[in-house]
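The structure appears right after this line, and notes come after that.
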Amino acid sequence: QGKSTEEGLRQVDELVARYRRGCLWWLSPWTPILRLFHPDTLRPLLLASAFVAPKDQLFYGFLKPWLGDGLLLSRGQKWARHRRLLTPAFHWDILKSYVGVFNQSTHIMHVSTRPAPGSQPAPRSRPAPAACTRIPTCTQIPSCTQSPVLHPPPAPGSQSLTQPCTRTLIPNPLTCTQTPTRAQTPTPCLQANGRRFAQACATVHSFTAAVVQRRRQALDRLGRQAWLESHQGRSMDFIDLLLLTKDKDGNTLSDEDISAEADTFMFEGHDTTASGLAWLLYNLARHPQYQERCRQEVRELLKGRDVEEIEWEDLSRLPFTTMCIKESLRLHPPVTAVSRCCTEDIALRDGRVIPKGIICLMSIYGTHHNPDVWPEPQVYNPLRFSLENSQGRSPLAFIPFSAGPRNCIGQNFAMAELKVVAALTVARFTIRLDAGRPPRRKPELILRTEDGLWLLLEPL
């Protein structure tokens, strides 16, 4: 039935248990969708993206009013050019400078979780212990992941991010990402949900366009060389890099292209990471033995330091925490599926052919819960990702960031942020589950829950 509900995800589990590699799903008597759940059937589509359209109107057309023709939705030569131009923005040297922003954003989130004197936590079915703070991860975590996307790394010695950012001035894409079907009705503008979606898109667009216009005017006024000199001593943010980028012929991106890429990165770099982080903390709360092991790993790393911060070099020194992150992304992938529309016949290894024009729904969730690939797929077990247990496993068995030429360009950015926030959170708090009703998953554009993920944080 394809429902975006807890029951819908359970139906996917049932499908995968019965059809281990894929099945044909009739959306209507004339619209077949090929659903794929196995690395062997995903491989020709993910790795041979030159032969498939990146997106199709059935599943992605409604995103156009929001994300425009950015990297997620563009195709052909435009996609290839933009991908080539944007790749330097995610170089290791750029990512290094953002670790400080991740630390600051995490600190701000931790401060905001502590209740004001005399305040009471939000009422739920059972009271929280006195030393705990009950937080809804659906509202606290997004502001933490939004800050690194919107703010450049500060100049050396700057304290610009030590105070909480003014969130009222920042458009939240949550309203957009909660509307996977709003623009698919025949008259979306006449529906209340459709109007809210349009208003949210307008807010995001006006915000992004104003930022790009101000930066462009400053660049034109000073000139490229003077503008670069004025930025010496600090790293440039995402929009700065887009304004300066040129292809081999000296052509730059238009303001419209930069706005589309900025809006795309706001969605892909903020909302998905917030979902991944919320589910990670939830899984650590459910499994205190793994949480404590992460805590000991982080404490050993930070031992003897004057400042409790994660540095760039530390990211490779958190092996067990990294395994916990990967297992959470396997069990609760922020993006549950991606689709492709074949532009020519695609041959599978067994000789069968996917005909031209067929839409393929590549189920990330289904692949991550496939018993042929992951024994006991519903069990949270970080040791699946140890070196010895990963031997011989297909690289396409774990695809939270998709794979192939059209994989997530910001996956290293996201993993670095997840490591910093997770490490500092377990070092400073004991994370427990709220005793309220268990979460019911809700796979919209991003995997969420119907009533939020509520956790108890007890300062250590």
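Residues are referred to by chain and number: the chain letter is A, B, ... according to the order shown in the structure tokens, the number counts from 1 in that chain, and ligands are numbered separately from 1 in the order shown.
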
Next item on the list: as number ranges by chain, please: all residues of region 267-421 of chain A that backbone DSSP puts in strand (DSSP E or B).
Entry: A: 337-342, 346-347, 353-354, 359-363, 400, 402

Item checked: Distance query Gly269 (chain A) at most 8 Å, only C-alpha atoms, self and fewer than 3 positions along chain excluded, as an NGL selection string -> :A and (149 or 265-266 or 272-273 or 410 or 414)

Taking N, CA, C and O atoms for each residue, export the selection above as a tab-separated table (two decimals), in the first residue's frame.
```tsv
chain	number	residue	atom	x	y	z
A	149	VAL	N	25.26	24.43	8.97
A	149	VAL	CA	24.92	24.64	7.57
A	149	VAL	C	24.85	26.13	7.25
A	149	VAL	O	25.27	26.58	6.19
A	265	PHE	N	21.19	22.12	-0.06
A	265	PHE	CA	22.09	21.75	1.02
A	265	PHE	C	21.44	22.00	2.38
A	265	PHE	O	21.71	21.27	3.35
A	266	MET	N	20.58	23.01	2.47
A	266	MET	CA	19.84	23.23	3.71
A	266	MET	C	19.01	22.00	4.06
A	266	MET	O	18.90	21.61	5.22
A	272	THR	N	18.39	15.79	7.25
A	272	THR	CA	18.78	14.38	7.28
A	272	THR	C	19.71	14.11	8.46
A	272	THR	O	19.57	13.09	9.15
A	273	THR	N	20.66	15.02	8.72
A	273	THR	CA	21.58	14.83	9.83
A	273	THR	C	20.84	14.89	11.16
A	273	THR	O	21.14	14.15	12.10
A	410	GLY	N	27.74	15.39	0.61
A	410	GLY	CA	28.09	15.87	1.94
A	410	GLY	C	28.19	14.78	2.99
A	410	GLY	O	28.11	15.07	4.18
A	414	ALA	N	28.43	15.12	7.13
A	414	ALA	CA	27.42	14.58	8.05
A	414	ALA	C	28.04	13.64	9.07
A	414	ALA	O	27.71	13.70	10.27
```

Check: Trp374 (chain A): which residues within 10 Å, counting only C-alpha atoms, same-chain residues fewer than 5 positions away excluded, as a VMD selection string?
Finding: chain A and resid 330 367 to 369 379 384 393 397 to 398

Emit the selected residues as a tab-separated table (two decimals), in the first residue's frame, including all heavy atoms.
```tsv
chain	number	residue	atom	x	y	z
A	330	ARG	N	21.91	2.26	9.72
A	330	ARG	CA	21.38	1.06	9.07
A	330	ARG	C	19.94	0.79	9.54
A	330	ARG	O	19.04	0.60	8.72
A	330	ARG	CB	22.25	-0.17	9.39
A	330	ARG	CG	21.74	-1.45	8.72
A	330	ARG	CD	22.30	-2.70	9.36
A	330	ARG	NE	21.78	-2.93	10.71
A	330	ARG	CZ	20.60	-3.47	10.99
A	330	ARG	NH1	19.78	-3.83	10.01
A	330	ARG	NH2	20.22	-3.65	12.25
A	367	THR	N	16.87	-2.68	1.97
A	367	THR	CA	18.19	-3.28	1.86
A	367	THR	C	18.84	-3.41	3.24
A	367	THR	O	19.46	-4.42	3.57
A	367	THR	CB	19.08	-2.44	0.94
A	367	THR	OG1	18.46	-2.30	-0.34
A	367	THR	CG2	20.45	-3.08	0.77
A	368	HIS	N	18.67	-2.39	4.08
A	368	HIS	CA	19.25	-2.41	5.43
A	368	HIS	C	18.54	-3.40	6.35
A	368	HIS	O	19.07	-3.71	7.43
A	368	HIS	CB	19.17	-1.01	6.05
A	368	HIS	CG	20.15	-0.05	5.47
A	368	HIS	ND1	20.32	1.24	5.96
A	368	HIS	CD2	21.02	-0.16	4.44
A	368	HIS	CE1	21.25	1.86	5.26
A	368	HIS	NE2	21.69	1.03	4.33
A	369	HIS	N	17.35	-3.87	5.96
A	369	HIS	CA	16.61	-4.82	6.78
A	369	HIS	C	16.44	-6.16	6.07
A	369	HIS	O	15.57	-6.96	6.43
A	369	HIS	CB	15.23	-4.25	7.14
A	369	HIS	CG	15.27	-3.12	8.12
A	369	HIS	ND1	15.69	-1.86	7.78
A	369	HIS	CD2	14.97	-3.06	9.46
A	369	HIS	CE1	15.64	-1.07	8.86
A	369	HIS	NE2	15.21	-1.77	9.88
A	379	VAL	N	17.64	-6.12	15.05
A	379	VAL	CA	18.46	-6.01	16.26
A	379	VAL	C	19.52	-4.93	16.07
A	379	VAL	O	20.20	-4.90	15.04
A	379	VAL	CB	19.12	-7.35	16.61
A	379	VAL	CG1	20.07	-7.21	17.80
A	379	VAL	CG2	18.06	-8.41	16.89
A	384	ARG	N	28.33	-5.30	14.10
A	384	ARG	CA	28.24	-5.66	12.69
A	384	ARG	C	29.29	-4.92	11.87
A	384	ARG	O	29.73	-5.39	10.81
A	384	ARG	CB	26.87	-5.27	12.12
A	384	ARG	CG	25.66	-5.93	12.72
A	384	ARG	CD	24.42	-5.38	12.04
A	384	ARG	NE	23.20	-5.63	12.76
A	384	ARG	CZ	22.45	-6.72	12.61
A	384	ARG	NH1	22.81	-7.64	11.77
A	384	ARG	NH2	21.33	-6.86	13.32
A	393	ARG	N	31.50	-8.20	3.00
A	393	ARG	CA	30.16	-7.61	2.82
A	393	ARG	C	30.17	-6.65	1.63
A	393	ARG	O	31.11	-5.88	1.43
A	393	ARG	CB	29.75	-6.87	4.07
A	393	ARG	CG	28.35	-6.26	4.02
A	393	ARG	CD	28.06	-5.45	5.27
A	393	ARG	NE	28.11	-6.28	6.47
A	393	ARG	CZ	28.55	-5.87	7.64
A	393	ARG	NH1	29.02	-4.64	7.79
A	393	ARG	NH2	28.56	-6.70	8.67
A	397	ALA	N	25.58	-2.93	0.61
A	397	ALA	CA	24.69	-3.42	1.66
A	397	ALA	C	24.33	-2.30	2.64
A	397	ALA	O	23.29	-2.36	3.30
A	397	ALA	CB	25.33	-4.58	2.40
A	398	PHE	N	25.19	-1.29	2.73
A	398	PHE	CA	24.99	-0.18	3.66
A	398	PHE	C	25.06	1.11	2.85
A	398	PHE	O	26.12	1.56	2.44
A	398	PHE	CB	26.09	-0.21	4.73
A	398	PHE	CG	26.03	0.94	5.71
A	398	PHE	CD1	24.96	1.07	6.58
A	398	PHE	CD2	27.05	1.88	5.76
A	398	PHE	CE1	24.91	2.12	7.49
A	398	PHE	CE2	27.02	2.93	6.67
A	398	PHE	CZ	25.95	3.05	7.54
```

Item checked: Nearest candidate to Phe37 (chain A) (options A:Val373, A:Ala80, A:Met109, A:Val99; using only C-alpha atoms) ->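 Checking each candidate against Phe37 (chain A), we get A:Val373 as the closest.
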
Notebook entry, point to check: Hey, what's within 10 Å of Leu361 (chain A) if we count only C-alpha atoms and toss same-chain stuff fewer than 5 positions away? As a PyMOL selection string, please?
Noted result: chain A and resi 22+24-25+33-37+42+59+337-341

Generate the output file for the selected residues, C-alpha atoms, as a short mmCIF file (atom, residue, chain, number, x, y, z; two decimals), in the first residue's frame.
```cif
data_model
loop_
_atom_site.label_atom_id
_atom_site.label_comp_id
_atom_site.auth_asym_id
_atom_site.auth_seq_id
_atom_site.Cartn_x
_atom_site.Cartn_y
_atom_site.Cartn_z
CA GLY A 22 12.94 -7.14 -5.29
CA LEU A 24 7.03 -5.51 -8.91
CA TRP A 25 4.62 -3.11 -7.24
CA ILE A 33 7.18 0.30 -9.86
CA LEU A 34 10.15 -2.03 -9.47
CA ARG A 35 11.10 -2.15 -5.77
CA LEU A 36 14.65 -3.36 -5.11
CA PHE A 37 16.00 -4.64 -1.78
CA LEU A 42 20.72 -2.18 -6.84
CA PHE A 59 8.22 10.68 -6.70
CA ALA A 337 14.34 5.15 -0.49
CA VAL A 338 15.48 6.84 -3.70
CA SER A 339 14.10 6.35 -7.19
CA ARG A 340 15.42 6.22 -10.74
CA CYS A 341 13.69 6.18 -14.10
#
```

Next item on the list: Find the residue from A:Glu313, A:Asp40, A:Asp263, A:Glu388 that sits nearest to Thr203 (chain A); use only C-alpha atoms when measuring.
Entry: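 For Thr203 (chain A), the nearest of the given residues is A:Asp263.
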